[in-house]
$ cat data20.cif   # mmCIF, C-alpha atoms
data_run
#
loop_
_atom_site.label_atom_id
_atom_site.label_comp_id
_atom_site.auth_asym_id
_atom_site.auth_seq_id
_atom_site.Cartn_x
_atom_site.Cartn_y
_atom_site.Cartn_z
CA MET A 81 -91.09 -50.68 -193.99
CA ALA A 82 -89.83 -47.51 -192.39
CA GLU A 83 -91.95 -46.19 -189.55
CA TYR A 84 -91.21 -42.62 -190.63
CA ARG A 85 -90.83 -40.70 -193.86
CA ILE A 86 -87.71 -38.58 -194.16
CA THR A 87 -88.43 -35.09 -195.43
CA ASP A 88 -84.85 -33.89 -195.77
CA THR A 89 -81.30 -34.95 -195.01
CA VAL A 90 -78.28 -32.94 -193.93
CA ASP A 91 -74.63 -33.99 -193.94
CA ILE A 92 -72.65 -32.57 -191.01
CA THR A 93 -69.56 -34.72 -191.53
CA ASP A 94 -67.83 -31.82 -193.30
CA VAL A 95 -67.89 -29.47 -190.30
CA VAL A 96 -66.70 -29.50 -186.68
CA CYS A 97 -68.21 -28.45 -183.36
CA PRO A 98 -70.10 -26.20 -182.84
CA VAL A 99 -70.98 -25.91 -186.54
CA THR A 100 -72.17 -29.54 -186.52
CA PHE A 101 -75.14 -28.61 -184.34
CA VAL A 102 -75.59 -25.26 -186.06
CA LYS A 103 -75.87 -26.91 -189.47
CA ALA A 104 -78.42 -29.41 -188.15
CA LYS A 105 -80.34 -26.61 -186.46
CA VAL A 106 -80.48 -24.59 -189.67
CA ALA A 107 -81.74 -27.64 -191.59
CA LEU A 108 -84.46 -28.21 -188.97
CA GLU A 109 -85.49 -24.58 -189.27
CA GLU A 110 -86.38 -25.19 -192.91
CA LEU A 111 -88.84 -27.97 -192.02
CA GLU A 112 -92.45 -27.79 -190.90
CA GLU A 113 -93.48 -29.07 -187.47
CA GLY A 114 -93.72 -32.88 -187.48
CA GLU A 115 -91.49 -33.32 -190.54
CA ILE A 116 -88.44 -35.54 -190.28
CA LEU A 117 -84.77 -34.76 -190.79
CA SER A 118 -82.00 -37.29 -191.17
CA VAL A 119 -78.66 -35.94 -189.92
CA HIS A 120 -75.56 -37.69 -191.24
CA MET A 121 -72.73 -37.33 -188.72
CA ASN A 122 -69.38 -38.75 -187.71
CA ASP A 123 -68.72 -40.96 -184.70
CA GLY A 124 -67.16 -39.33 -181.65
CA GLU A 125 -67.88 -35.75 -180.61
CA PRO A 126 -70.82 -35.15 -183.02
CA VAL A 127 -72.71 -38.25 -182.01
CA GLN A 128 -72.14 -37.44 -178.34
CA ASN A 129 -73.27 -33.82 -178.51
CA VAL A 130 -75.57 -33.19 -181.46
CA PRO A 131 -78.44 -35.50 -180.38
CA ARG A 132 -78.40 -33.95 -176.90
CA SER A 133 -78.42 -30.38 -178.25
CA ILE A 134 -81.26 -31.21 -180.62
CA LYS A 135 -83.28 -32.70 -177.75
CA GLU A 136 -82.62 -29.57 -175.69
CA GLU A 137 -84.23 -27.52 -178.48
CA GLY A 138 -87.37 -29.58 -177.94
CA HIS A 139 -87.17 -31.79 -181.06
CA ARG A 140 -87.85 -35.52 -180.93
CA VAL A 141 -85.03 -37.93 -181.64
CA LEU A 142 -86.66 -41.00 -183.25
CA LYS A 143 -83.65 -43.13 -184.00
CA LEU A 144 -79.87 -43.22 -184.18
CA ILE A 145 -78.69 -45.53 -186.93
CA HIS A 146 -75.13 -46.83 -186.64
CA ASN A 147 -73.71 -47.17 -190.14
CA GLU A 148 -70.86 -49.57 -190.84
CA ASP A 149 -68.50 -46.80 -192.00
CA GLY A 150 -68.02 -44.90 -188.73
CA THR A 151 -70.93 -42.55 -189.36
CA PHE A 152 -74.38 -42.25 -187.85
CA ASP A 153 -77.76 -41.13 -189.14
CA LEU A 154 -79.83 -39.33 -186.54
CA ILE A 155 -83.54 -39.29 -187.32
CA VAL A 156 -85.21 -36.22 -185.82
CA GLN A 157 -88.80 -35.07 -185.84
CA LYS A 158 -89.17 -31.31 -185.74
CA ALA A 159 -91.12 -29.98 -182.75
CA MET B 190 -80.71 -17.80 -199.08
CA ALA B 191 -78.80 -20.77 -197.66
CA PHE B 192 -75.84 -20.39 -195.33
CA THR B 193 -72.45 -21.57 -196.53
CA ASN B 194 -70.44 -23.73 -194.14
CA GLU B 195 -68.17 -20.73 -193.63
CA GLN B 196 -71.12 -18.54 -192.67
CA LEU B 197 -72.42 -21.22 -190.31
CA GLU B 198 -69.05 -21.18 -188.61
CA ARG B 199 -68.63 -17.41 -188.58
CA TYR B 200 -72.08 -16.84 -187.08
CA SER B 201 -72.38 -20.09 -185.10
CA ARG B 202 -72.50 -18.31 -181.73
CA HIS B 203 -75.47 -16.27 -182.95
CA ILE B 204 -77.30 -19.11 -184.66
CA ILE B 205 -77.09 -21.29 -181.55
CA LEU B 206 -78.99 -18.67 -179.57
CA LYS B 207 -82.73 -19.36 -179.42
CA GLU B 208 -83.51 -15.64 -179.63
CA ILE B 209 -81.46 -15.21 -182.82
CA GLY B 210 -81.28 -18.58 -184.58
CA PRO B 211 -80.93 -18.99 -188.34
CA LYS B 212 -83.83 -16.60 -188.97
CA GLY B 213 -82.32 -13.84 -186.87
CA GLN B 214 -78.94 -14.23 -188.54
CA LYS B 215 -80.57 -13.96 -191.96
CA LYS B 216 -82.34 -10.81 -190.81
CA LEU B 217 -78.99 -9.37 -189.73
CA MET B 218 -77.44 -10.28 -193.09
CA GLN B 219 -80.27 -8.52 -194.92
CA ALA B 220 -80.31 -5.48 -192.61
CA ARG B 221 -79.10 -1.97 -193.41
CA VAL B 222 -77.77 0.15 -190.55
CA LEU B 223 -76.48 3.72 -190.79
CA ILE B 224 -73.95 4.98 -188.26
CA ILE B 225 -73.67 8.75 -188.10
CA GLY B 226 -70.26 9.61 -186.65
CA ALA B 227 -67.19 7.37 -186.87
CA GLY B 228 -65.98 8.52 -183.46
CA GLY B 229 -66.04 7.19 -179.91
CA LEU B 230 -69.56 5.74 -180.14
CA GLY B 231 -69.56 4.83 -183.82
CA ALA B 232 -66.25 2.97 -183.62
CA PRO B 233 -67.27 0.09 -181.34
CA ALA B 234 -70.79 0.02 -182.76
CA ALA B 235 -69.47 -0.31 -186.32
CA LEU B 236 -66.99 -3.03 -185.36
CA TYR B 237 -69.61 -5.14 -183.59
CA LEU B 238 -72.25 -4.69 -186.27
CA ALA B 239 -69.75 -5.63 -188.97
CA ALA B 240 -68.70 -8.66 -186.96
CA ALA B 241 -72.37 -9.58 -186.46
CA GLY B 242 -72.81 -9.73 -190.22
CA VAL B 243 -75.14 -6.75 -190.69
CA GLY B 244 -75.31 -6.89 -194.47
CA THR B 245 -75.08 -3.21 -195.27
CA ILE B 246 -73.49 -0.63 -193.00
CA GLY B 247 -73.45 3.06 -193.87
CA ILE B 248 -70.97 5.26 -192.05
CA ALA B 249 -71.03 9.06 -192.17
CA ASP B 250 -68.36 11.43 -190.91
CA ALA B 251 -66.69 14.51 -192.41
CA ASP B 252 -63.56 14.39 -190.25
CA VAL B 253 -60.12 12.89 -190.68
CA VAL B 254 -58.45 10.75 -188.03
CA ASP B 255 -56.59 12.84 -185.45
CA LEU B 256 -54.05 11.63 -182.90
CA SER B 257 -56.37 12.72 -180.06
CA ASN B 258 -59.11 10.41 -181.40
CA LEU B 259 -57.17 7.22 -180.85
CA GLN B 260 -57.67 7.13 -177.08
CA ARG B 261 -61.26 5.97 -177.67
CA GLN B 262 -62.05 5.58 -181.39
CA VAL B 263 -60.85 2.00 -181.59
CA ILE B 264 -61.81 1.49 -185.22
CA HIS B 265 -58.90 3.74 -186.30
CA SER B 266 -55.19 3.04 -185.95
CA THR B 267 -52.14 5.23 -185.60
CA ALA B 268 -51.32 4.63 -189.26
CA ASP B 269 -54.73 6.09 -190.18
CA ILE B 270 -53.97 9.59 -188.85
CA GLY B 271 -54.91 12.10 -191.54
CA ARG B 272 -57.17 9.69 -193.43
CA PRO B 273 -60.92 10.26 -193.65
CA LYS B 274 -62.49 8.47 -190.70
CA VAL B 275 -65.07 6.81 -192.93
CA GLU B 276 -62.33 5.18 -195.02
CA SER B 277 -60.41 3.99 -191.99
CA ALA B 278 -63.64 2.68 -190.47
CA ARG B 279 -64.60 0.91 -193.69
CA ASP B 280 -61.20 -0.81 -193.87
CA SER B 281 -61.46 -2.00 -190.27
CA MET B 282 -64.99 -3.33 -190.76
CA LEU B 283 -64.10 -5.17 -193.95
CA ALA B 284 -60.98 -6.60 -192.31
CA ILE B 285 -63.23 -8.20 -189.69
CA ASN B 286 -65.94 -9.24 -192.12
CA PRO B 287 -65.33 -9.05 -195.88
CA GLU B 288 -68.88 -10.36 -196.48
CA ILE B 289 -70.60 -7.08 -195.69
CA ASP B 290 -71.14 -3.96 -197.81
CA VAL B 291 -69.95 -0.66 -196.39
CA HIS B 292 -71.18 2.66 -197.76
CA THR B 293 -69.19 5.74 -196.77
CA TYR B 294 -70.45 9.31 -196.54
CA TYR B 295 -67.47 11.64 -196.24
CA GLU B 296 -69.58 14.70 -195.56
CA TYR B 297 -71.36 16.56 -192.78
CA ILE B 298 -74.89 15.37 -192.21
CA THR B 299 -77.12 18.41 -192.62
CA SER B 300 -80.77 19.22 -193.13
CA GLU B 301 -80.00 19.19 -196.87
CA ASN B 302 -78.77 15.62 -197.16
CA ILE B 303 -80.00 13.71 -194.10
CA SER B 304 -83.42 12.59 -195.32
CA GLY B 305 -82.06 11.16 -198.57
CA ILE B 306 -79.34 9.26 -196.71
CA ILE B 307 -81.41 7.75 -193.88
CA ARG B 308 -84.17 6.68 -196.28
CA ASP B 309 -81.99 3.78 -197.47
CA TYR B 310 -81.53 2.30 -193.98
CA ASP B 311 -83.57 0.24 -191.51
CA PHE B 312 -81.99 1.56 -188.31
CA ILE B 313 -79.84 4.60 -187.53
CA LEU B 314 -77.22 5.04 -184.81
CA ASP B 315 -76.54 8.55 -183.56
CA GLY B 316 -72.85 8.61 -182.71
CA THR B 317 -72.45 12.37 -182.95
CA ASP B 318 -70.89 14.66 -180.39
CA ASN B 319 -73.04 17.78 -180.51
CA PHE B 320 -76.62 18.82 -179.80
CA PRO B 321 -77.46 20.34 -183.20
CA ALA B 322 -76.63 17.01 -184.86
CA LYS B 323 -78.62 15.06 -182.29
CA PHE B 324 -81.74 17.15 -182.83
CA LEU B 325 -81.26 17.00 -186.59
CA ILE B 326 -81.02 13.19 -186.52
CA ASN B 327 -84.06 12.96 -184.24
CA ASP B 328 -86.22 15.22 -186.37
CA ALA B 329 -85.23 13.55 -189.63
CA CYS B 330 -85.78 10.05 -188.24
CA VAL B 331 -89.19 11.00 -186.82
CA LEU B 332 -90.24 12.59 -190.11
CA GLU B 333 -88.94 9.66 -192.19
CA GLU B 334 -90.38 7.18 -189.65
CA LYS B 335 -86.99 5.56 -189.00
CA PRO B 336 -86.02 3.95 -185.70
CA PHE B 337 -82.78 5.16 -184.19
CA SER B 338 -80.54 4.87 -181.17
CA HIS B 339 -79.61 8.09 -179.44
CA ALA B 340 -76.51 8.18 -177.28
CA GLY B 341 -74.25 10.70 -175.62
CA ILE B 342 -71.11 10.51 -173.51
CA ILE B 343 -69.09 12.92 -171.43
CA ARG B 344 -66.39 12.45 -168.78
CA PHE B 345 -67.32 9.23 -166.92
CA GLU B 346 -70.94 9.20 -167.99
CA GLY B 347 -73.10 8.08 -170.83
CA GLN B 348 -76.74 7.75 -171.77
CA LEU B 349 -78.84 6.19 -174.45
CA MET B 350 -82.41 5.69 -175.56
CA THR B 351 -84.09 4.15 -178.58
CA TYR B 352 -86.76 5.71 -180.70
CA VAL B 353 -89.15 3.51 -182.66
CA PRO B 354 -91.88 5.26 -184.68
CA GLY B 355 -95.18 5.08 -182.86
CA GLU B 356 -93.62 3.63 -179.71
CA GLY B 357 -92.52 5.90 -176.91
CA PRO B 358 -91.04 9.36 -176.93
CA CYS B 359 -88.56 10.86 -179.36
CA TYR B 360 -85.44 12.74 -178.27
CA ARG B 361 -87.26 16.05 -178.65
CA CYS B 362 -90.11 14.88 -176.40
CA VAL B 363 -87.52 14.57 -173.65
CA PHE B 364 -85.08 17.39 -174.32
CA LYS B 365 -87.16 19.93 -176.31
CA GLU B 366 -84.30 22.16 -177.53
CA PRO B 367 -80.50 22.13 -177.56
CA PRO B 368 -79.06 23.72 -174.40
CA PRO B 369 -77.81 27.30 -174.69
CA LYS B 370 -74.39 27.58 -176.29
CA ASP B 371 -71.48 27.12 -173.88
CA LEU B 372 -73.71 25.77 -171.12
CA VAL B 373 -72.67 22.20 -171.81
CA PRO B 374 -69.04 21.54 -172.64
CA THR B 375 -68.20 19.26 -175.54
CA CYS B 376 -66.21 16.07 -175.15
CA ARG B 377 -63.21 17.97 -176.42
CA GLU B 378 -63.42 20.48 -173.58
CA ALA B 379 -64.64 18.18 -170.84
CA GLY B 380 -62.79 14.96 -171.57
CA VAL B 381 -64.14 11.44 -171.70
CA ILE B 382 -62.89 8.00 -170.74
CA GLY B 383 -62.41 5.86 -173.82
CA ALA B 384 -64.08 2.83 -172.30
CA VAL B 385 -67.25 4.86 -171.62
CA ALA B 386 -67.53 5.38 -175.37
CA GLY B 387 -67.00 1.64 -175.75
CA VAL B 388 -69.72 0.74 -173.24
CA ILE B 389 -72.33 3.05 -174.72
CA GLY B 390 -71.40 2.39 -178.37
CA CYS B 391 -71.70 -1.36 -177.75
CA LEU B 392 -75.11 -0.82 -176.17
CA GLN B 393 -76.16 1.03 -179.31
CA ALA B 394 -75.00 -1.92 -181.42
CA MET B 395 -76.99 -4.18 -179.09
CA GLU B 396 -80.14 -2.13 -179.65
CA ALA B 397 -79.63 -2.34 -183.42
CA VAL B 398 -79.22 -6.14 -183.25
CA LYS B 399 -82.33 -6.45 -181.09
CA TYR B 400 -84.39 -4.21 -183.34
CA ILE B 401 -83.35 -6.18 -186.43
CA THR B 402 -83.88 -9.63 -184.94
CA GLY B 403 -86.88 -8.76 -182.76
CA ALA B 404 -85.16 -10.20 -179.68
CA GLY B 405 -85.97 -8.77 -176.26
CA ASP B 406 -87.11 -5.32 -175.22
CA LEU B 407 -85.75 -2.09 -176.67
CA LEU B 408 -84.98 1.10 -174.77
CA THR B 409 -88.12 2.77 -176.04
CA GLY B 410 -89.70 5.04 -173.49
CA ARG B 411 -86.67 4.58 -171.27
CA LEU B 412 -83.41 6.49 -170.92
CA LEU B 413 -80.49 4.41 -169.71
CA THR B 414 -77.78 6.30 -167.88
CA TYR B 415 -74.35 4.99 -166.99
CA ASP B 416 -72.10 6.41 -164.30
CA ALA B 417 -68.70 4.76 -164.58
CA LEU B 418 -67.32 6.27 -161.36
CA LYS B 419 -70.17 4.91 -159.24
CA MET B 420 -70.50 1.95 -161.58
CA GLN B 421 -74.23 2.41 -161.77
CA PHE B 422 -76.73 1.95 -164.55
CA ARG B 423 -80.14 3.53 -164.15
CA THR B 424 -83.19 3.50 -166.40
CA ILE B 425 -85.61 6.37 -166.27
CA ARG B 426 -89.09 5.90 -167.71
CA LEU B 427 -89.99 8.65 -170.12
CA PRO B 428 -93.44 9.48 -171.47
CA ARG B 429 -94.22 10.92 -174.88
CA ASP B 430 -94.85 14.65 -175.00
CA SER B 431 -98.32 15.13 -176.45
CA HIS B 432 -97.19 18.63 -177.50
CA CYS B 433 -93.86 17.53 -179.03
CA ALA B 434 -92.88 19.83 -181.88
CA VAL B 435 -91.94 16.96 -184.17
CA CYS B 436 -93.60 13.65 -183.18
CA SER B 437 -97.01 14.74 -181.85
CA GLY B 438 -100.24 15.73 -183.54
CA GLU B 439 -99.27 19.32 -182.79
CA ARG B 440 -96.22 19.06 -185.03
CA THR B 441 -94.65 22.41 -185.92
CA ILE B 442 -91.46 20.97 -187.44
CA HIS B 443 -92.28 19.64 -190.90
CA ALA B 444 -88.76 19.36 -192.32
CA PRO B 445 -85.29 18.84 -190.82
CA PHE B 446 -83.39 22.04 -190.03
CA ASP B 447 -79.93 22.92 -188.71
CA TYR B 448 -79.22 24.61 -185.40
CA GLU B 449 -76.09 26.74 -185.31
CA LEU B 450 -73.05 25.04 -183.87
CA PRO B 451 -71.23 26.77 -181.02
CA SER B 452 -68.36 28.85 -182.43
CA CYS B 453 -65.68 26.85 -180.63
CA ASP B 454 -66.82 23.76 -182.54
CA LEU B 455 -66.83 25.58 -185.85
CA LYS B 456 -63.27 26.79 -185.36
CA ASN B 457 -62.09 23.21 -185.29
CA ARG B 458 -63.77 22.23 -188.51
#

$ encode --input "data20.cif" --output "structure tokens"
Amino acid sequence: MAEYRITDTVDITDVVCPVTFVKAKVALEELEEGEILSVHMNDGEPVQNVPRSIKEEGHRVLKLIHNEDGTFDLIVQKA
Amino acid sequence: MAFTNEQLERYSRHIILKEIGPKGQKKLMQARVLIIGAGGLGAPAALYLAAAGVGTIGIADADVVDLSNLQRQVIHSTADIGRPKVESARDSMLAINPEIDVHTYYEYITSENISGIIRDYDFILDGTDNFPAKFLINDACVLEEKPFSHAGIIRFEGQLMTYVPGEGPCYRCVFKEPPPKDLVPTCREAGVIGAVAGVIGCLQAMEAVKYITGAGDLLTGRLLTYDALKMQFRTIRLPRDSHCAVCSGERTIHAPFDYELPSCDLKNR
């Protein structure tokens, strides 16, 4: 049982910094406060920077799921 | 309207900003800005607004590019000499950002055509070089209830202020009437440093971006002056004139009208 319900997902594996964060930020903008976004991102630079930038915007990072294929899913609750 | 990946990349430095964000960028992309004068002020303003992704930019100017323009009118190139400035400006804007729409007005802005032209826009930039045009733009914008950025430059100095309907004074509240002919030299007679046009034109673009996105405080009720030699900016608080001939309850100007241009200006037309 998931402890959260994902409202929307965004794939940022097709862009590079700083558009990775920008794309996630735009997707968060579409959500209502308290709703949850899953951000699909690559290992490396995105996973180092995007969670931090999202936290700096005041959103809540609930979980970072390490997938087996070199990607991550960041679960964010919109503030 | 969703952003494409290309748009996210093009405008990423805007979207990252808290004060702009995705919403502000969408506002810019839906905005319509008219620039009157494709000269020293209009050139940098047009380039930055095009780069910012302002969706529709109108540009009005009846002149062709002259060699003496190129010292400051950075939107035109040497190869453009002899071409209408509005065409050269349109090409430069679209070269930076092919996503935007540019409307050109290759004509003098007069009391006959100004109201119909400004009606289609959200914000107007006064980039003209003479007092009759500045009063005409002010009166028409007040009467059509359009916000606009006034600016002027000469030698090493520049000034600007922003008019928003219902907020603060209009240009006529402050300056009443054009100065007597020949009292104030034109740019052509007095000279101007190109970079002063750049500074003030960029500030006009900044005011347009702020008006559109709602970020920050506009130069309403304040005149900003720039002295490049002393490297000083000053802001002067300006009240509304409760007797203003165009924006007060005692309005005597009910339609735009044209002042006569000094004869030395007419000779060059």

$ interface_residues --input "data20.cif" --of "chain B" --to "chain A" --cutoff "10 Å" --atoms "only C-alpha atoms" --output "list of chain:residue names"
B:Ala191, B:Phe192, B:Thr193, B:Asn194, B:Glu195, B:Gln196, B:Leu197, B:Glu198, B:Arg199, B:Tyr200, B:Ser201, B:Arg202, B:His203, B:Ile204, B:Ile205, B:Leu206, B:Lys207, B:Gly210, B:Pro211, B:Lys212

$ resolve_selection --input "data20.cif" --expression "the PyMOL selection byres ((chain B and resi 414) around 10)" --output "compact mmCIF listing (two decimals) with C-alpha atoms, keeping the file's coordinate frame"
# COMPACT_ATOMS: atom_id res chain seq x y z
CA ALA B 340 -76.51 8.18 -177.28
CA GLY B 341 -74.25 10.70 -175.62
CA ILE B 342 -71.11 10.51 -173.51
CA GLU B 346 -70.94 9.20 -167.99
CA GLY B 347 -73.10 8.08 -170.83
CA GLN B 348 -76.74 7.75 -171.77
CA LEU B 349 -78.84 6.19 -174.45
CA MET B 350 -82.41 5.69 -175.56
CA ILE B 389 -72.33 3.05 -174.72
CA ARG B 411 -86.67 4.58 -171.27
CA LEU B 412 -83.41 6.49 -170.92
CA LEU B 413 -80.49 4.41 -169.71
CA TYR B 415 -74.35 4.99 -166.99
CA ASP B 416 -72.10 6.41 -164.30
CA ALA B 417 -68.70 4.76 -164.58
CA GLN B 421 -74.23 2.41 -161.77
CA PHE B 422 -76.73 1.95 -164.55
CA ARG B 423 -80.14 3.53 -164.15
CA THR B 424 -83.19 3.50 -166.40
CA ILE B 425 -85.61 6.37 -166.27

$ residues_around --input "data20.cif" --residues "Asp123 of chain A" --least-positions-apart "4" --cutoff "12 Å" --atoms "only C-alpha atoms" --output "PDB file with C-alpha atoms, in the coordinates of the input"
ATOM      1  CA  ILE A  92     -72.650 -32.570-191.010  1.00  0.00           C
ATOM      2  CA  THR A  93     -69.560 -34.720-191.530  1.00  0.00           C
ATOM      3  CA  VAL A  96     -66.700 -29.500-186.680  1.00  0.00           C
ATOM      4  CA  VAL A 127     -72.710 -38.250-182.010  1.00  0.00           C
ATOM      5  CA  GLN A 128     -72.140 -37.440-178.340  1.00  0.00           C
ATOM      6  CA  ASN A 129     -73.270 -33.820-178.510  1.00  0.00           C
ATOM      7  CA  VAL A 130     -75.570 -33.190-181.460  1.00  0.00           C
ATOM      8  CA  PRO A 131     -78.440 -35.500-180.380  1.00  0.00           C
ATOM      9  CA  LEU A 144     -79.870 -43.220-184.180  1.00  0.00           C
ATOM     10  CA  ILE A 145     -78.690 -45.530-186.930  1.00  0.00           C
ATOM     11  CA  HIS A 146     -75.130 -46.830-186.640  1.00  0.00           C
ATOM     12  CA  ASN A 147     -73.710 -47.170-190.140  1.00  0.00           C
ATOM     13  CA  GLU A 148     -70.860 -49.570-190.840  1.00  0.00           C
ATOM     14  CA  ASP A 149     -68.500 -46.800-192.000  1.00  0.00           C
ATOM     15  CA  GLY A 150     -68.020 -44.900-188.730  1.00  0.00           C
ATOM     16  CA  THR A 151     -70.930 -42.550-189.360  1.00  0.00           C
ATOM     17  CA  PHE A 152     -74.380 -42.250-187.850  1.00  0.00           C
ATOM     18  CA  ASP A 153     -77.760 -41.130-189.140  1.00  0.00           C
ATOM     19  CA  LEU A 154     -79.830 -39.330-186.540  1.00  0.00           C
TER      20      LEU A 154
END

$ atom_distance --input "data20.cif" --atom1 "atom CA of Ala220 of chain B" --atom2 "atom CA of Glu136 of chain A"
29.5 Å

$ resolve_selection --input "data20.cif" --expression "the PyMOL selection byres ((chain B and resi 435-439) around 9)" --output "JSON, numbers by chain"
{"B": [327, 328, 331, 332, 354, 355, 358, 359, 361, 362, 429, 430, 431, 432, 433, 434, 440, 441, 442, 443]}

$ atom_distance --input "data20.cif" --atom1 "atom CA of Leu230 of chain B" --atom2 "atom CA of Thr267 of chain B"
18.3 Å

$ closest_residue --input "data20.cif" --among "B:Gln214, B:Ser257, B:Asn319, B:Asn302" --to "Thr375 of chain B" --atoms "all atoms listed in the file"
B:Asn319

$ atom_distance --input "data20.cif" --atom1 "atom CA of Gln260 of chain B" --atom2 "atom CA of Ala235 of chain B"
16.7 Å

$ residues_around --input "data20.cif" --residues "segment 241-255 of chain B" --least-positions-apart "2" --cutoff "6 Å" --atoms "all atoms listed in the file" --output "ChimeraX atom specification"
/B:217-227,237-239,257-258,270-274,289-297

$ write_last_selection --input "data20.cif" --atoms "C-alpha atoms" --output "mmCIF file, keeping the file's coordinate frame"
data_model
loop_
_atom_site.group_PDB
_atom_site.id
_atom_site.type_symbol
_atom_site.label_atom_id
_atom_site.label_comp_id
_atom_site.auth_asym_id
_atom_site.auth_seq_id
_atom_site.Cartn_x
_atom_site.Cartn_y
_atom_site.Cartn_z
ATOM 1 C CA LEU B 217 -78.990 -9.370 -189.730
ATOM 2 C CA MET B 218 -77.440 -10.280 -193.090
ATOM 3 C CA GLN B 219 -80.270 -8.520 -194.920
ATOM 4 C CA ALA B 220 -80.310 -5.480 -192.610
ATOM 5 C CA ARG B 221 -79.100 -1.970 -193.410
ATOM 6 C CA VAL B 222 -77.770 0.150 -190.550
ATOM 7 C CA LEU B 223 -76.480 3.720 -190.790
ATOM 8 C CA ILE B 224 -73.950 4.980 -188.260
ATOM 9 C CA ILE B 225 -73.670 8.750 -188.100
ATOM 10 C CA GLY B 226 -70.260 9.610 -186.650
ATOM 11 C CA ALA B 227 -67.190 7.370 -186.870
ATOM 12 C CA TYR B 237 -69.610 -5.140 -183.590
ATOM 13 C CA LEU B 238 -72.250 -4.690 -186.270
ATOM 14 C CA ALA B 239 -69.750 -5.630 -188.970
ATOM 15 C CA SER B 257 -56.370 12.720 -180.060
ATOM 16 C CA ASN B 258 -59.110 10.410 -181.400
ATOM 17 C CA ILE B 270 -53.970 9.590 -188.850
ATOM 18 C CA GLY B 271 -54.910 12.100 -191.540
ATOM 19 C CA ARG B 272 -57.170 9.690 -193.430
ATOM 20 C CA PRO B 273 -60.920 10.260 -193.650
ATOM 21 C CA LYS B 274 -62.490 8.470 -190.700
ATOM 22 C CA ILE B 289 -70.600 -7.080 -195.690
ATOM 23 C CA ASP B 290 -71.140 -3.960 -197.810
ATOM 24 C CA VAL B 291 -69.950 -0.660 -196.390
ATOM 25 C CA HIS B 292 -71.180 2.660 -197.760
ATOM 26 C CA THR B 293 -69.190 5.740 -196.770
ATOM 27 C CA TYR B 294 -70.450 9.310 -196.540
ATOM 28 C CA TYR B 295 -67.470 11.640 -196.240
ATOM 29 C CA GLU B 296 -69.580 14.700 -195.560
ATOM 30 C CA TYR B 297 -71.360 16.560 -192.780
#

$ closest_residue --input "data20.cif" --among "A:Gly124, A:Ile155, A:Val119, A:Arg140" --to "Arg85 of chain A" --atoms "only C-alpha atoms"
A:Ile155

$ closest_residue --input "data20.cif" --among "A:Val156, A:Ile86, A:Leu111, A:Ala104" --to "Pro126 of chain A" --atoms "all atoms listed in the file"
A:Ala104

$ residues_near_point --input "data20.cif" --point "(-86.7, -34.1, -196.3)" --cutoff "6 Å" --atoms "all atoms listed in the file" --output "tab-separated table (two decimals) with C-alpha atoms, keeping the file's coordinate frame"
chain	number	residue	atom	x	y	z
A	86	ILE	CA	-87.71	-38.58	-194.16
A	87	THR	CA	-88.43	-35.09	-195.43
A	88	ASP	CA	-84.85	-33.89	-195.77
A	89	THR	CA	-81.30	-34.95	-195.01
A	117	LEU	CA	-84.77	-34.76	-190.79

$ resolve_selection --input "data20.cif" --expression "the PyMOL selection byres ((chain B and resi 344) around 8)" --output "ChimeraX atom specification"
/B:342-343,345-346,376,379-382

$ build_atoms --input "data20.cif" --residues "segment 87-96 of chain A" --atoms "N, CA and C atoms" --output "compact mmCIF listing (two decimals), in the frame of the given file"
# COMPACT_ATOMS: atom_id res chain seq x y z
N THR A 87 -88.10 -36.25 -194.60
CA THR A 87 -88.43 -35.09 -195.43
C THR A 87 -87.15 -34.52 -196.06
N ASP A 88 -86.09 -34.50 -195.26
CA ASP A 88 -84.85 -33.89 -195.77
C ASP A 88 -83.67 -34.52 -195.04
N THR A 89 -82.50 -34.44 -195.66
CA THR A 89 -81.30 -34.95 -195.01
C THR A 89 -80.25 -33.84 -194.99
N VAL A 90 -79.40 -33.90 -193.98
CA VAL A 90 -78.28 -32.94 -193.93
C VAL A 90 -77.02 -33.69 -193.53
N ASP A 91 -75.93 -33.35 -194.19
CA ASP A 91 -74.63 -33.99 -193.94
C ASP A 91 -73.79 -33.03 -193.09
N ILE A 92 -73.48 -33.44 -191.86
CA ILE A 92 -72.65 -32.57 -191.01
C ILE A 92 -71.27 -33.19 -190.79
N THR A 93 -70.89 -34.10 -191.68
CA THR A 93 -69.56 -34.72 -191.53
C THR A 93 -68.45 -33.79 -192.04
N ASP A 94 -68.85 -32.71 -192.73
CA ASP A 94 -67.83 -31.82 -193.30
C ASP A 94 -67.55 -30.61 -192.41
N VAL A 95 -68.12 -30.60 -191.21
CA VAL A 95 -67.89 -29.47 -190.30
C VAL A 95 -67.58 -30.00 -188.90
N VAL A 96 -67.03 -29.10 -188.05
CA VAL A 96 -66.70 -29.50 -186.68
C VAL A 96 -67.50 -28.67 -185.69
